[in-house]
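Here is the structure we will look at, set down as structure tokens.
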Amino acid sequence: MIRKVSLSTSAAKTIAAAALQGYNASYKQERLGILLGRVSGSTVKVEQAVVYRGGIRTRTAAQVDSRKIEARVKALQAKTGLRYLGGFHTHNQIGDTISSALSQADKTPLCDNLPAVVELIACIWTSDGRLRASEFYLQGRLGDCRIRMAGYACQQKFQRLVISARAASISMA
């Protein structure tokens with residue numbers, strides 16, 4: 001049973017940068033990507049996060065061609081020798097609202113032919129509020145924005161996982 005997801009520093013920064021890029025787009029867009037790494041006991045170790053640039057992205061959703069993403073995943077696996085772990089996507093603040101609840105679309109895998117172990121969601125919004133420590137969120141500041149990442153076990157009814165990164169915090173210096 002998967003209980004924890006651990007991100008490499010580069011994976012955390014890639015996801016944070018993708019979230020910020022989508023948030024700062026002229027018409028905010030969700031970003032999504034591929035997670036690669038290893039499973040060790042009850043821990044998923046994300047070594048690489050790769051932004052997927054294909055598909056259609058809107059403020060509240062992203063759609064991909066499953067054949068194209070499957071081909072991209074297989075090419076990345078061959079190149080890196082890492083296992084496909086699942087995907088990540090972002091939720092942007094729109095107006096005064098940020099979606100933090102899991103929708104059915106959030107639970108839909110990037111590709112049906114590739115079984116996902118974990119899904120990461122990175123929420124980004126404008127805030128000058130204080131960060132509160134939690135083992136279920138990886139949090140940080142990106143300029144005047146706040147980002148919060150959460151991990152979910154795909155094969156365990158999307159149970160929330162303890163999350164950590166090798167970096168002490170997420171920042172875009």
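Within each chain, counting starts at residue 1; across the structure tokens, chains are named A, B, ... in the order shown, with ligands numbered 1 upward in that order.
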Excluding segment 5-18 of chain A and residues on its chain fewer than 3 positions from it, collect all residues at most 8 Å away from it, counting only C-alpha atoms, and give them as a ChimeraX atom specification. /A:21-22,31-32,43-51,88,122,147,151,161-167,170-172
Using only C-alpha atoms, pick whichever of A:Ser40, A:Thr80, A:Gln29, A:Asn92 has the shortest atom-to-atom distance to Ile56 of chain A. A:Gln29
Using DSSP secondary structure from the backbone, list all helix (DSSP H, G or I) positions within segment 40-96 of chain A, as a PDB file with C-alpha atoms, in the first residue's frame.
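Result written to states-v9.pdb:
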ATOM      1  CA  SER A  66      -4.027   9.096 -25.137  1.00  0.00           C
ATOM      2  CA  ARG A  67      -2.037   7.548 -28.028  1.00  0.00           C
ATOM      3  CA  LYS A  68       0.323  10.521 -28.160  1.00  0.00           C
ATOM      4  CA  ILE A  69       0.886  10.644 -24.422  1.00  0.00           C
ATOM      5  CA  GLU A  70       1.444   6.876 -24.306  1.00  0.00           C
ATOM      6  CA  ALA A  71       4.113   7.213 -27.009  1.00  0.00           C
ATOM      7  CA  ARG A  72       5.748  10.084 -25.084  1.00  0.00           C
ATOM      8  CA  VAL A  73       5.760   8.078 -21.847  1.00  0.00           C
ATOM      9  CA  LYS A  74       7.320   5.061 -23.550  1.00  0.00           C
ATOM     10  CA  ALA A  75      10.030   7.249 -25.120  1.00  0.00           C
ATOM     11  CA  LEU A  76      10.804   8.841 -21.732  1.00  0.00           C
ATOM     12  CA  GLN A  77      10.958   5.434 -20.034  1.00  0.00           C
ATOM     13  CA  ALA A  78      13.380   4.142 -22.666  1.00  0.00           C
ATOM     14  CA  LYS A  79      15.546   7.253 -22.337  1.00  0.00           C
ATOM     15  CA  THR A  80      15.617   7.431 -18.532  1.00  0.00           C
TER      16      THR A  80
END
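Rounded to one decimal, atom CA of Gly37 of chain A and atom CA of Leu82 of chain A lie 5.0 Å from each other.
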Using only C-alpha atoms, determine which residues lie at most 12 Å from Asp112 of chain A, disregarding the query and same-chain residues fewer than 2 positions distant; provide the list as a PyMOL selection string. chain A and resi 64-67+69-70+86+107-110+114-116
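Counting from atom CA of Thr126 of chain A, the distance to atom CA of Leu36 of chain A is 29.3 Å.
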Quick check for you: according to DSSP on this backbone, which residues of chain A are classed as strand (DSSP E)? Reply as a PyMOL selection string. chain A and resi 4-7+32-40+43-51+56-57+62-63+83-92+118-126+138-142+145-153+159-165
